[in-house]
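coords32.txt (compact mmCIF, C-alpha atoms and all ligand atoms)
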# COMPACT_ATOMS: atom_id res chain seq x y z
CA MET U 1 22.71 -7.41 31.78
CA ARG U 2 24.16 -5.78 28.73
CA LEU U 3 22.12 -3.28 26.78
CA SER U 4 22.76 -5.02 23.50
CA GLU U 5 20.51 -7.90 24.56
CA PHE U 6 17.48 -5.69 24.10
CA THR U 7 18.55 -4.39 20.75
CA ALA U 8 19.24 -7.91 19.53
CA LEU U 9 15.87 -9.03 20.77
CA VAL U 10 13.98 -6.33 18.92
CA GLN U 11 15.46 -7.40 15.61
CA ALA U 12 15.67 -11.11 16.12
CA ARG U 13 12.15 -12.45 16.41
CA SER U 14 8.86 -12.12 14.65
CA ALA U 15 6.52 -9.82 16.55
CA PHE U 16 3.93 -12.59 16.53
CA ASP U 17 6.16 -15.22 18.07
CA PRO U 18 4.81 -15.84 21.60
CA LYS U 19 8.42 -16.12 22.76
CA THR U 20 8.84 -12.43 22.01
CA ILE U 21 6.28 -11.48 24.64
CA GLN U 22 7.86 -13.93 27.09
CA GLN U 23 11.18 -12.23 26.48
CA TRP U 24 9.78 -8.77 27.18
CA ARG U 25 8.24 -10.05 30.42
CA LYS U 26 11.46 -11.72 31.47
CA ASP U 27 13.53 -8.63 30.73
CA LEU U 28 11.18 -6.46 32.74
CA ARG U 29 11.51 -8.81 35.71
CA ARG U 30 15.29 -8.65 35.46
CA MET U 31 15.14 -4.89 35.34
CA THR U 32 12.96 -4.75 38.41
CA LYS U 33 15.64 -6.76 40.20
CA ILE U 34 18.27 -4.28 39.11
CA TYR U 35 16.06 -1.38 40.19
CA ARG U 36 15.65 -2.94 43.62
CA SER U 37 19.39 -3.42 43.98
CA ILE U 38 20.16 0.30 43.69
CA ASN U 39 21.78 1.52 46.89
CA THR U 40 19.58 4.24 48.33
CA LYS U 41 21.24 4.66 51.73
CA PRO U 42 22.21 8.28 52.10
CA TRP U 43 25.91 8.70 51.85
CA ASP U 44 27.53 11.08 54.31
CA TYR U 45 27.09 14.20 52.30
CA GLY U 46 28.86 17.28 53.60
CA VAL U 47 30.74 15.45 56.38
CA TYR U 48 34.36 16.10 55.71
CA ASP U 49 35.88 15.80 59.16
CA ASP U 50 37.10 12.27 58.55
CA SER U 51 40.64 11.49 57.69
CA THR U 52 41.71 12.25 54.14
CA TYR U 53 41.84 8.52 53.47
CA ASP U 54 38.21 7.94 54.53
CA GLN U 55 37.03 10.89 52.60
CA LYS U 56 38.67 9.69 49.42
CA ARG U 57 37.28 6.22 49.85
CA LYS U 58 33.78 7.53 50.42
CA GLU U 59 33.93 9.73 47.38
CA LYS U 60 35.04 6.77 45.32
CA ASP U 61 32.20 4.61 46.65
CA ARG U 62 29.72 7.33 45.99
CA ALA U 63 30.94 7.75 42.41
CA LYS U 64 30.58 4.03 41.92
CA GLU U 65 27.02 3.96 43.23
CA LEU U 66 26.09 6.94 41.09
CA ALA U 67 27.52 5.23 38.03
CA LYS U 68 25.39 2.16 38.75
CA PHE U 69 22.35 4.39 39.19
CA GLY U 70 23.05 6.07 35.85
CA GLU U 71 23.54 2.72 34.13
CA ALA U 72 20.25 1.39 35.43
CA ALA U 73 18.49 4.54 34.25
CA LYS U 74 19.99 4.05 30.80
CA LEU U 75 18.88 0.44 30.78
CA PHE U 76 15.28 1.42 31.47
CA ARG U 77 15.42 4.09 28.80
CA THR U 78 16.71 1.64 26.19
CA PHE U 79 14.13 -0.93 27.17
CA ARG U 80 11.38 1.64 26.87
CA ASP U 81 12.56 2.87 23.46
CA ASN U 82 12.98 -0.61 22.05
CA PHE U 83 9.62 -1.73 23.31
CA GLU U 84 7.96 1.27 21.71
CA LYS U 85 9.72 0.69 18.38
CA TRP U 86 8.67 -2.92 18.55
CA TRP U 87 4.94 -2.51 19.13
CA ARG U 88 4.62 0.55 16.96
CA TYR U 89 6.47 -0.67 13.87
CA GLN U 90 6.80 -4.44 14.12
CA LEU U 91 3.71 -5.63 15.90
CA LEU U 92 1.10 -3.24 14.55
CA PRO U 93 0.44 -2.49 10.87
CA GLN U 94 0.50 1.18 9.92
CA LEU U 95 -3.19 1.98 9.77
CA LYS U 96 -5.13 5.18 9.70
CA ARG U 97 -7.13 5.73 12.89
CA ASP U 98 -10.41 4.94 11.17
CA ASP U 99 -9.12 1.58 9.99
CA GLN U 100 -7.79 0.47 13.38
CA PRO U 101 -9.72 -2.40 14.95
CA TRP U 102 -10.52 -2.18 18.67
CA VAL U 103 -7.77 -4.61 19.70
CA HIS U 104 -5.28 -2.48 17.77
CA MET U 105 -6.34 0.68 19.63
CA GLN U 106 -6.10 -1.18 22.94
CA VAL U 107 -2.46 -2.01 22.26
CA VAL U 108 -1.72 1.61 21.38
CA GLU U 109 -3.32 2.86 24.58
CA LYS U 110 -1.93 0.29 27.02
CA ALA U 111 1.55 0.04 25.56
CA HIS U 112 1.86 3.80 25.58
CA ARG U 113 0.73 3.97 29.18
CA ALA U 114 3.24 1.25 30.16
CA THR U 115 6.17 3.11 28.63
CA VAL U 116 5.10 6.33 30.32
CA GLU U 117 5.12 4.52 33.68
CA LEU U 118 8.81 3.77 33.22
CA MET U 119 9.64 7.46 33.20
CA GLY U 120 10.57 9.26 36.39
CA LEU U 121 11.89 6.15 38.08
CA PHE U 122 15.30 7.74 38.59
CA PRO U 123 14.89 10.95 40.57
CA ASP U 124 17.25 13.87 40.66
CA ASP U 125 17.65 16.72 43.06
CA TYR U 126 18.91 20.27 42.93
CA ASP U 127 22.48 20.53 44.12
CA PHE U 128 23.16 23.99 45.57
CA LYS U 129 26.89 23.59 45.50
CA GLN U 130 27.04 22.71 41.75
CA LYS U 131 23.92 24.75 40.92
CA LYS U 132 22.30 22.00 38.80
CA ARG U 133 20.14 18.96 39.06
CA LEU U 134 22.03 15.79 39.91
CA PRO U 135 20.96 12.17 40.30
CA ALA U 136 19.54 11.58 43.78
CA PRO U 137 19.31 7.83 44.43
CA TRP U 138 18.65 8.38 48.14
CA THR U 139 15.21 9.83 47.43
CA LEU U 140 14.22 6.47 45.92
CA GLU U 141 14.02 4.96 49.38
CA ARG U 142 10.48 6.24 49.91
CA GLU U 143 8.97 5.68 46.49
CA ARG U 144 10.70 2.69 44.99
CA GLU U 145 8.19 -0.05 45.86
CA ARG U 146 5.30 2.21 44.92
CA ASN U 147 6.92 2.86 41.53
CA ILE U 148 7.42 -0.83 40.92
CA LYS U 149 3.83 -1.67 41.77
CA ARG U 150 2.53 1.06 39.48
CA TYR U 151 4.54 0.12 36.45
CA GLN U 152 3.93 -3.59 36.93
CA VAL U 153 0.18 -3.04 36.76
CA ALA U 154 0.55 -0.96 33.60
CA TRP U 155 2.88 -3.49 31.95
CA ASN U 156 0.65 -6.43 32.76
CA GLU U 157 -2.21 -4.62 31.07
CA ALA U 158 -0.04 -3.86 28.05
CA PHE U 159 1.10 -7.47 27.70
CA LYS U 160 -2.48 -8.65 28.02
CA ALA U 161 -3.65 -6.25 25.31
CA ILE U 162 -0.86 -7.43 23.01
CA GLU U 163 -1.69 -11.10 23.59
CA GLU U 164 -5.34 -10.41 22.85
CA TYR U 165 -4.39 -8.52 19.72
CA ILE U 166 -2.29 -11.41 18.44
CA GLN U 167 -5.08 -13.86 19.12
CA ASP U 168 -7.72 -11.64 17.56
CA MET U 169 -5.85 -11.02 14.36
CA GLY U 170 -6.24 -14.73 13.68
CA GLU U 171 -2.55 -15.04 13.18
CA VAL U 172 -1.36 -17.91 11.03
CA GLY U 173 2.37 -18.34 10.71
CA ASP U 174 4.27 -15.11 10.99
CA ARG U 175 2.11 -12.54 9.24
CA PRO U 176 -0.83 -10.51 10.48
CA ALA U 177 -4.16 -10.74 8.64
CA LEU U 178 -4.22 -7.04 7.92
CA GLU U 179 -1.19 -5.18 6.79
CA GLN U 180 -0.28 -1.97 5.11
CA MET U 181 2.76 -1.72 2.92
CA ASP U 182 4.53 0.99 1.04
CA ILE U 183 5.22 -0.41 -2.43
CA GLU U 184 7.02 1.86 -4.89
CA GLY U 185 5.70 4.88 -2.99
CA PHE U 186 2.09 3.66 -3.07
CA ASN U 187 0.09 2.73 -0.04
CA VAL U 188 -1.04 -0.88 -0.45
CA LEU U 189 -3.44 -2.57 1.94
CA LEU U 190 -3.14 -6.35 2.19
CA ARG U 191 -6.06 -8.20 3.67
CA GLY U 192 -6.21 -11.92 4.27
CA TRP U 193 -2.69 -12.52 3.05
CA ASN U 194 -1.90 -14.64 6.12
CA LEU U 195 -3.83 -17.46 4.45
CA LEU U 196 -1.24 -17.72 1.68
CA ASN U 197 1.95 -19.61 2.03
CA PRO U 198 4.90 -17.23 2.42
CA SER U 199 6.49 -17.91 -0.97
CA ASP U 200 3.20 -17.21 -2.80
CA ALA U 201 2.76 -14.01 -0.82
CA LYS U 202 6.28 -12.95 -1.67
CA LYS U 203 5.74 -13.69 -5.37
CA ALA U 204 2.46 -11.73 -5.38
CA ILE U 205 4.08 -8.73 -3.69
CA GLY U 206 6.82 -8.85 -6.32
CA ILE U 207 4.22 -8.72 -9.10
CA ILE U 208 2.46 -5.75 -7.49
CA ARG U 209 5.81 -4.02 -7.13
CA ASP U 210 6.74 -4.62 -10.79
CA GLY U 211 3.29 -3.47 -11.95
CA LEU U 212 3.38 -0.27 -9.91
CA LYS U 213 6.94 0.40 -11.01
CA LEU U 214 6.11 0.06 -14.70
CA TYR U 215 2.95 2.14 -14.24
CA LYS U 216 5.02 4.86 -12.59
CA GLU U 217 7.77 4.80 -15.23
CA ASN U 218 5.33 4.83 -18.13
CA ALA U 219 3.04 7.46 -16.63
CA LYS U 220 6.08 9.68 -16.09
CA LYS U 221 6.79 9.55 -19.83
CA ARG U 222 3.26 9.41 -21.22
CA LEU U 223 0.84 11.05 -18.81
CA PRO U 224 2.85 12.60 -15.97
CA PHE U 225 -0.03 14.39 -14.25
CA LEU U 226 -1.46 10.96 -13.38
CA LEU U 227 1.29 10.71 -10.78
CA LYS U 228 -0.13 13.75 -9.01
CA TYR U 229 -2.91 11.50 -7.80
CA ASN U 230 -1.46 8.96 -5.41
CA ILE U 231 -4.45 7.01 -4.15
CA PRO U 232 -4.26 3.88 -1.99
CA PHE U 233 -4.48 0.33 -3.32
CA HIS U 234 -6.10 -2.72 -1.85
CA ALA U 235 -4.55 -5.98 -3.02
CA ALA U 236 -7.38 -8.48 -2.69
CA TRP U 237 -8.00 -12.18 -3.08
CA GLU U 238 -11.76 -11.95 -2.88
CA CYS U 239 -12.83 -10.76 -6.32
CA ARG U 240 -15.37 -11.67 -8.92
CA GLU U 241 -13.85 -14.01 -11.46
CA ASP U 242 -14.09 -11.56 -14.36
CA GLN U 243 -12.64 -8.63 -12.44
CA ALA U 244 -9.08 -7.48 -12.90
CA ALA U 245 -9.47 -4.47 -10.62
CA THR U 246 -12.09 -1.98 -9.50
CA TYR U 247 -12.17 1.63 -8.46
CA ASP U 248 -14.01 2.40 -5.24
CA GLU U 249 -15.36 5.89 -5.75
CA PHE U 250 -16.36 6.34 -2.11
CA LYS U 251 -13.17 5.10 -0.53
CA GLY U 252 -11.10 6.66 -3.31
CA ARG U 253 -9.22 3.39 -3.50
CA ILE U 254 -8.24 0.92 -6.22
CA LYS U 255 -8.81 -2.76 -5.58
CA LEU U 256 -6.34 -4.95 -7.42
CA CYS U 257 -7.48 -8.53 -7.87
CA MET U 258 -4.59 -10.86 -7.31
CA TYR U 259 -5.67 -14.09 -8.97
CA TRP U 260 -5.09 -13.20 -12.59
CA PRO U 261 -1.63 -11.65 -12.23
CA THR U 262 -0.39 -14.56 -10.11
CA ALA U 263 -1.79 -17.35 -12.30
CA GLY U 264 0.81 -18.32 -14.88
CA ARG U 265 3.40 -15.94 -16.20
CA PRO U 266 2.86 -12.43 -14.83
CA ASP U 267 1.89 -9.88 -17.49
CA ILE U 268 3.40 -6.70 -16.07
CA LYS U 269 2.35 -4.51 -19.02
CA ARG U 270 -1.23 -5.57 -18.44
CA MET U 271 -0.81 -4.74 -14.73
CA ALA U 272 0.33 -1.22 -15.70
CA HIS U 273 -2.64 -0.98 -18.10
CA VAL U 274 -5.11 -2.10 -15.42
CA ILE U 275 -3.70 0.31 -12.82
CA ALA U 276 -3.84 3.21 -15.30
CA HIS U 277 -7.39 2.18 -16.32
CA GLU U 278 -8.57 2.40 -12.71
CA MET U 279 -6.75 5.72 -12.33
CA GLY U 280 -8.79 6.75 -15.37
CA HIS U 281 -11.96 6.17 -13.32
CA HIS U 282 -10.49 8.33 -10.57
CA LEU U 283 -9.86 11.12 -13.09
CA TRP U 284 -13.29 10.70 -14.62
CA LYS U 285 -15.11 10.77 -11.29
CA LYS U 286 -13.02 13.23 -9.32
CA VAL U 287 -10.86 15.32 -11.60
CA LEU U 288 -12.38 15.92 -15.06
CA SER U 289 -14.66 18.91 -15.46
CA GLY U 290 -18.26 18.41 -16.55
CA SER U 291 -17.55 19.92 -19.94
CA ALA U 292 -14.53 17.69 -20.46
CA ARG U 293 -16.69 14.63 -19.76
CA LYS U 294 -19.39 15.92 -22.11
CA PHE U 295 -16.86 16.43 -24.88
CA TRP U 296 -15.52 12.92 -24.46
CA GLU U 297 -19.01 11.40 -24.45
CA ALA U 298 -19.95 13.30 -27.60
CA ALA U 299 -16.72 12.26 -29.34
CA ILE U 300 -17.24 8.59 -28.49
CA ASP U 301 -20.93 8.69 -29.48
CA ALA U 302 -20.10 10.26 -32.83
CA ASP U 303 -17.41 7.67 -33.41
CA TRP U 304 -19.96 4.85 -33.63
CA GLY U 305 -20.98 4.16 -37.20
CA PRO U 306 -21.98 1.37 -39.60
CA MET U 307 -19.46 -1.23 -40.68
CA ASP U 308 -18.80 -1.96 -44.34
CA LEU U 309 -20.33 -5.43 -44.29
CA GLN U 310 -19.80 -6.17 -48.01
CA ARG U 311 -16.07 -5.59 -47.67
CA LEU U 312 -15.94 -7.76 -44.58
CA LEU U 313 -17.76 -10.58 -46.34
CA LYS U 314 -15.26 -10.38 -49.21
CA ILE U 315 -12.15 -10.71 -47.06
CA TRP U 316 -13.59 -13.38 -44.73
CA PRO U 317 -11.86 -16.68 -45.65
CA ASP U 318 -14.12 -19.72 -45.82
CA ASP U 319 -11.97 -21.73 -43.43
CA VAL U 320 -12.39 -19.16 -40.65
CA LYS U 321 -15.55 -20.00 -38.77
CA PHE U 322 -16.03 -17.40 -36.03
CA SER U 323 -15.81 -13.62 -36.05
CA SER U 324 -13.48 -13.81 -33.04
CA SER U 325 -11.07 -16.01 -35.05
CA LEU U 326 -11.27 -13.56 -37.94
CA ALA U 327 -10.38 -10.73 -35.54
CA ASP U 328 -7.40 -12.73 -34.28
CA LYS U 329 -6.27 -13.39 -37.85
CA LEU U 330 -6.46 -9.70 -38.79
CA GLN U 331 -4.67 -8.46 -35.68
CA LYS U 332 -1.29 -8.09 -37.42
CA THR U 333 -2.37 -7.05 -40.93
CA ASP U 334 -5.34 -4.79 -40.12
CA PRO U 335 -5.42 -4.04 -36.39
CA THR U 336 -8.16 -1.44 -36.78
CA LEU U 337 -10.56 -3.75 -38.60
CA SER U 338 -9.67 -6.52 -36.16
CA LEU U 339 -10.67 -4.30 -33.23
CA GLN U 340 -13.76 -3.05 -35.07
CA ILE U 341 -15.00 -6.64 -35.40
CA GLU U 342 -14.39 -7.18 -31.68
CA VAL U 343 -16.11 -3.92 -30.74
CA ALA U 344 -19.15 -4.73 -32.91
CA ASN U 345 -19.52 -8.10 -31.23
CA SER U 346 -18.33 -7.09 -27.79
CA HIS U 347 -20.29 -8.86 -25.09
CA TRP U 348 -19.54 -5.84 -22.88
CA GLY U 349 -21.83 -3.64 -24.90
CA GLY U 350 -21.78 -2.90 -28.58
CA LYS U 351 -24.83 -1.42 -30.22
CA GLY U 352 -27.16 -4.28 -30.87
CA THR U 353 -26.55 -6.39 -33.93
CA HIS U 354 -23.87 -9.06 -33.52
CA PHE U 355 -22.52 -11.67 -35.88
CA ASP U 356 -20.71 -14.77 -34.70
CA THR U 357 -20.14 -16.47 -38.06
CA LYS U 358 -19.82 -15.66 -41.77
CA GLU U 359 -23.34 -17.08 -42.24
CA ASP U 360 -24.66 -14.64 -39.63
CA LEU U 361 -23.03 -11.82 -41.55
CA GLN U 362 -24.53 -12.97 -44.88
CA GLU U 363 -27.94 -13.14 -43.20
CA LEU U 364 -27.61 -9.57 -41.84
CA ILE U 365 -26.70 -8.32 -45.32
CA ASN U 366 -29.66 -10.16 -46.86
CA GLN U 367 -31.97 -8.51 -44.34
CA GLY U 368 -30.46 -5.10 -45.05
CA LYS U 369 -29.33 -4.66 -41.42
CA THR U 370 -26.47 -2.48 -40.27
CA VAL U 371 -23.80 -3.31 -37.71
CA LEU U 372 -22.34 -0.53 -35.62
CA THR U 373 -18.75 -0.27 -34.48
CA MET U 374 -16.25 2.43 -33.60
CA LYS U 375 -14.34 4.13 -36.38
CA ASN U 376 -11.45 4.63 -33.98
CA PRO U 377 -11.75 1.59 -31.76
CA ILE U 378 -9.84 1.59 -28.47
CA THR U 379 -10.44 -1.90 -27.07
CA ASP U 380 -13.43 -4.24 -27.09
CA TYR U 381 -14.08 -3.34 -23.44
CA ALA U 382 -14.24 0.33 -24.42
CA ALA U 383 -17.49 -0.58 -26.22
CA LYS U 384 -19.19 -0.75 -22.83
CA ASN U 385 -19.69 2.99 -22.37
CA SER U 386 -17.86 6.28 -22.77
CA GLU U 387 -16.39 6.26 -19.26
CA GLU U 388 -14.87 2.83 -19.83
CA ALA U 389 -13.67 4.06 -23.23
CA PHE U 390 -11.86 6.91 -21.49
CA CYS U 391 -10.31 4.53 -18.96
CA GLU U 392 -9.26 2.12 -21.68
CA ALA U 393 -7.64 4.98 -23.60
CA VAL U 394 -5.69 6.07 -20.49
CA GLY U 395 -4.85 2.42 -19.76
CA SER U 396 -3.59 1.70 -23.28
CA LEU U 397 -1.59 4.90 -23.40
CA VAL U 398 0.20 4.16 -20.12
CA GLY U 399 0.37 0.37 -20.39
CA TYR U 400 1.21 -0.10 -24.06
CA GLY U 401 2.23 3.28 -25.40
CA PRO U 402 0.77 6.07 -27.59
CA ARG U 403 1.10 4.00 -30.77
CA THR U 404 -1.65 1.70 -29.57
CA LEU U 405 -4.15 4.58 -29.81
CA HIS U 406 -5.52 6.17 -32.96
CA PRO U 407 -4.34 9.74 -33.53
CA LEU U 408 -7.90 10.96 -33.12
CA THR U 409 -8.29 9.19 -29.77
CA ARG U 410 -5.06 10.82 -28.63
CA GLN U 411 -6.40 14.21 -29.72
CA TRP U 412 -9.56 13.68 -27.70
CA LEU U 413 -7.48 12.78 -24.67
CA GLN U 414 -5.50 15.93 -25.19
CA THR U 415 -8.71 17.93 -25.41
CA VAL U 416 -10.23 16.65 -22.18
CA LEU U 417 -7.03 16.94 -20.20
CA PRO U 418 -5.90 20.54 -20.80
CA GLY U 419 -6.64 21.42 -17.18
CA MET U 420 -3.66 19.24 -16.37
CA ARG U 421 -1.12 21.73 -17.53
CA VAL U 422 1.96 19.55 -17.34
CA GLY U 423 0.16 16.65 -18.91
CA SER U 424 -1.38 18.40 -21.86
CA VAL U 425 1.91 19.95 -22.95
CA ARG U 426 3.61 16.61 -22.88
CA ILE U 427 0.70 14.85 -24.56
CA SER U 428 0.67 17.28 -27.47
CA LYS U 429 4.40 16.80 -27.86
CA MET U 430 3.92 13.08 -27.72
CA ILE U 431 1.20 13.18 -30.36
CA ARG U 432 3.43 15.14 -32.71
CA GLU U 433 6.20 12.61 -32.27
CA ALA U 434 4.13 9.47 -32.45
CA ALA U 435 4.09 7.53 -35.68
CA PRO U 436 0.64 7.17 -37.24
CA ILE U 437 -1.12 3.86 -36.86
CA THR U 438 -1.08 1.92 -40.06
ZN ZN Q 1 -13.36 0.31 -15.74

Can you dump the structure from the file as structure tokens?
Amino acid sequence: MRLSEFTALVQARSAFDPKTIQQWRKDLRRMTKIYRSINTKPWDYGVYDDSTYDQKRKEKDRAKELAKFGEAAKLFRTFRDNFEKWWRYQLLPQLKRDDQPWVHMQVVEKAHRATVELMGLFPDDYDFKQKKRLPAPWTLERERERNIKRYQVAWNEAFKAIEEYIQDMGEVGDRPALEQMDIEGFNVLLRGWNLLNPSDAKKAIGIIRDGLKLYKENAKKRLPFLLKYNIPFHAAWECREDQAATYDEFKGRIKLCMYWPTAGRPDIKRMAHVIAHEMGHHLWKKVLSGSARKFWEAAIDADWGPMDLQRLLKIWPDDVKFSSSLADKLQKTDPTLSLQIEVANSHWGGKGTHFDTKEDLQELINQGKTVLTMKNPITDYAAKNSEEAFCEAVGSLVGYGPRTLHPLTRQWLQTVLPGMRVGSVRISKMIREAAPIT
């Protein structure tokens, strides 16, 4: 048996292929055979009264037996190492202790025990003549069968635990149901991905990778202190329909919903925006000081004010029916007004009075009502509350660049983030360099 067979095996097959376990079992049986074939008969040590010819022959035989002994020991060592690499890094996902299911912990315990039982199978002895420990195959005579029995019990338990693990993980195809991946230096937990077909899974991973990469690149330029907070992600397929992502305050983890980025053409900028938005929640909940939050809330509150309804009525073309269409139409020529219309009518919040059509608007004017919007609107979702406004500001800055924020919004960001020394210096520089929004 050549050693390379083990190495090839470790790389060749999927950890979840039942043939892999069969192969480990078979190899162990072959190794037991080799172990049993080691010559343990004591060789005439110290008897040198034979003829020179006999003595030379005996020494040669002894060297040969010792070489075989050494080779077998090496074989067991390689087997042990490869097995450990296999279960630790190929079979099991890299999970924190708290996240490990029972079957996972069983594999860790039993497989570890099995590898330990393969140690000490090749005894040595102190040689007084050479003053060092040397291999001593002859001492195996007494303990060999006991050793075999002991390790066989341990290995059977390990194989059983592994088979139970594979069954329990509800394996479909080649991939485990729960997996942890390092993507662009971020820890990403994948749950339930075994239900996807492999090409969809691959595509989705690619989108996550591109999104995280762009987030990282943009944050480095626009808000570098964000990168100080490397929190784990959970890429999920079970999400509410209207959710792009959520921040789990208690787990300190961001859940990325996978349906929207994988449906149609992936929008990587939006991915970067969404990731930065959720990081905004992390900052808001865990990093910002109370006074920084108060400042931001006060700034956003004070930003709400009445819209100039007469002006809006004047520029509203008769052929445009809905306020949302008017906002779309104004996006290029007057992005601020366009956003102000969206914020005023935002179904996420807003401050009460909405208008869907030009007639609605005329009616509001006739009744002398006011419509509130933000003077420096961020996005329509930012109308929800001041925390979301903060997250949308961080998201827009990282995802789409400083020019998508009003100078005043950028100043507020700069004000609430001075504790982040690196960040605030760069932000102020960025604000000086940024062209004003027209
Ligand atoms: Zn949010």

Q. Quick one, how far is atom CA of Gln22 of chain U from atom CA of Trp87 of chain U?
A. 14.2 Å

(Q) Calculated over only C-alpha atoms, which of the candidates U:Val371, U:Glu238, U:Met119, U:Ile231 has the smallest distance to Trp304 of chain U? (A) U:Val371

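With distances restricted to only C-alpha atoms and all ligand atoms, U:His281 is the closest residue to ligand ZN 1 (chain Q) from U:Arg57, U:His234, U:Arg88, U:His281.
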
Using all atoms listed in the file, what table do you get, as JSON lines, when you list each residue of chain U with an atom no more than 9 Å from ligand ZN 1 (chain Q), its nearest pair of atoms, and their distance in Å rounded to one decimal, rows by chain then rising number?
{"residue": "U:Ala245", "atom": "CA", "partner": "Q:ZN1", "partner_atom": "ZN", "distance": 8.0}
{"residue": "U:Thr246", "atom": "CA", "partner": "Q:ZN1", "partner_atom": "ZN", "distance": 6.8}
{"residue": "U:Tyr247", "atom": "CA", "partner": "Q:ZN1", "partner_atom": "ZN", "distance": 7.5}
{"residue": "U:Val274", "atom": "CA", "partner": "Q:ZN1", "partner_atom": "ZN", "distance": 8.6}
{"residue": "U:His277", "atom": "CA", "partner": "Q:ZN1", "partner_atom": "ZN", "distance": 6.3}
{"residue": "U:Glu278", "atom": "CA", "partner": "Q:ZN1", "partner_atom": "ZN", "distance": 6.0}
{"residue": "U:Gly280", "atom": "CA", "partner": "Q:ZN1", "partner_atom": "ZN", "distance": 7.9}
{"residue": "U:His281", "atom": "CA", "partner": "Q:ZN1", "partner_atom": "ZN", "distance": 6.5}
{"residue": "U:Tyr381", "atom": "CA", "partner": "Q:ZN1", "partner_atom": "ZN", "distance": 8.6}
{"residue": "U:Ala382", "atom": "CA", "partner": "Q:ZN1", "partner_atom": "ZN", "distance": 8.7}
{"residue": "U:Glu387", "atom": "CA", "partner": "Q:ZN1", "partner_atom": "ZN", "distance": 7.5}
{"residue": "U:Glu388", "atom": "CA", "partner": "Q:ZN1", "partner_atom": "ZN", "distance": 5.0}
{"residue": "U:Ala389", "atom": "CA", "partner": "Q:ZN1", "partner_atom": "ZN", "distance": 8.4}
{"residue": "U:Phe390", "atom": "CA", "partner": "Q:ZN1", "partner_atom": "ZN", "distance": 8.9}
{"residue": "U:Cys391", "atom": "CA", "partner": "Q:ZN1", "partner_atom": "ZN", "distance": 6.1}
{"residue": "U:Glu392", "atom": "CA", "partner": "Q:ZN1", "partner_atom": "ZN", "distance": 7.4}

Q. Any idea what the distance is between atom CA of Tyr35 of chain U and atom CA of Ala161 of chain U?
A.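 Those two atoms sit 25.2 Å apart.
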
Q: For atom CA of Arg30 of chain U and atom CA of Asp17 of chain U, determine how far apart the two atoms are, in Å to one decimal place.
A: 20.7 Å

What lies within 12 Å of Leu330 of chain U using only C-alpha atoms, ignoring chain neighbours under 4 positions off, as a short mmCIF file (atom, residue, chain, number, x, y, z; two decimals) with C-alpha atoms, keeping the file's coordinate frame?
data_model
loop_
_atom_site.label_atom_id
_atom_site.label_comp_id
_atom_site.auth_asym_id
_atom_site.auth_seq_id
_atom_site.Cartn_x
_atom_site.Cartn_y
_atom_site.Cartn_z
CA LEU U 312 -15.94 -7.76 -44.58
CA ILE U 315 -12.15 -10.71 -47.06
CA TRP U 316 -13.59 -13.38 -44.73
CA PRO U 317 -11.86 -16.68 -45.65
CA VAL U 320 -12.39 -19.16 -40.65
CA SER U 323 -15.81 -13.62 -36.05
CA SER U 324 -13.48 -13.81 -33.04
CA SER U 325 -11.07 -16.01 -35.05
CA LEU U 326 -11.27 -13.56 -37.94
CA ASP U 334 -5.34 -4.79 -40.12
CA PRO U 335 -5.42 -4.04 -36.39
CA THR U 336 -8.16 -1.44 -36.78
CA LEU U 337 -10.56 -3.75 -38.60
CA SER U 338 -9.67 -6.52 -36.16
CA LEU U 339 -10.67 -4.30 -33.23
CA GLN U 340 -13.76 -3.05 -35.07
CA ILE U 341 -15.00 -6.64 -35.40
CA GLU U 342 -14.39 -7.18 -31.68
#

Using all atoms listed in the file, determine which residues lie at most 9 Å from Glu184 of chain U, disregarding the query and same-chain residues fewer than 5 positions distant; provide the list as a PDB file with C-alpha atoms, in the frame of the given file.
ATOM      1  CA  ARG U 209       5.810  -4.020  -7.130  1.00  0.00           C
ATOM      2  CA  ASP U 210       6.740  -4.620 -10.790  1.00  0.00           C
ATOM      3  CA  LEU U 212       3.380  -0.270  -9.910  1.00  0.00           C
ATOM      4  CA  LYS U 213       6.940   0.400 -11.010  1.00  0.00           C
ATOM      5  CA  LYS U 216       5.020   4.860 -12.590  1.00  0.00           C
TER       6      LYS U 216
END

Q.
From the options U:Gln414, U:Asn230, U:Asn345, U:Gln130, which residue's atoms come nearest to Thr379 of chain U, counting all atoms listed in the file?
A. U:Asn345

Q | Shell of 12 Å around Lys33 of chain U, only C-alpha atoms, local chain residues under 2 positions omitted, as a ChimeraX atom specification | A | /U:1,26-31,35-38,72,76,144-145,148

Export C-alpha atoms of the chosen residues as an mmCIF file, in the coordinates of the input?
data_model
loop_
_atom_site.group_PDB
_atom_site.id
_atom_site.type_symbol
_atom_site.label_atom_id
_atom_site.label_comp_id
_atom_site.auth_asym_id
_atom_site.auth_seq_id
_atom_site.Cartn_x
_atom_site.Cartn_y
_atom_site.Cartn_z
ATOM 1 C CA MET U 1 22.710 -7.410 31.780
ATOM 2 C CA LYS U 26 11.460 -11.720 31.470
ATOM 3 C CA ASP U 27 13.530 -8.630 30.730
ATOM 4 C CA LEU U 28 11.180 -6.460 32.740
ATOM 5 C CA ARG U 29 11.510 -8.810 35.710
ATOM 6 C CA ARG U 30 15.290 -8.650 35.460
ATOM 7 C CA MET U 31 15.140 -4.890 35.340
ATOM 8 C CA TYR U 35 16.060 -1.380 40.190
ATOM 9 C CA ARG U 36 15.650 -2.940 43.620
ATOM 10 C CA SER U 37 19.390 -3.420 43.980
ATOM 11 C CA ILE U 38 20.160 0.300 43.690
ATOM 12 C CA ALA U 72 20.250 1.390 35.430
ATOM 13 C CA PHE U 76 15.280 1.420 31.470
ATOM 14 C CA ARG U 144 10.700 2.690 44.990
ATOM 15 C CA GLU U 145 8.190 -0.050 45.860
ATOM 16 C CA ILE U 148 7.420 -0.830 40.920
#
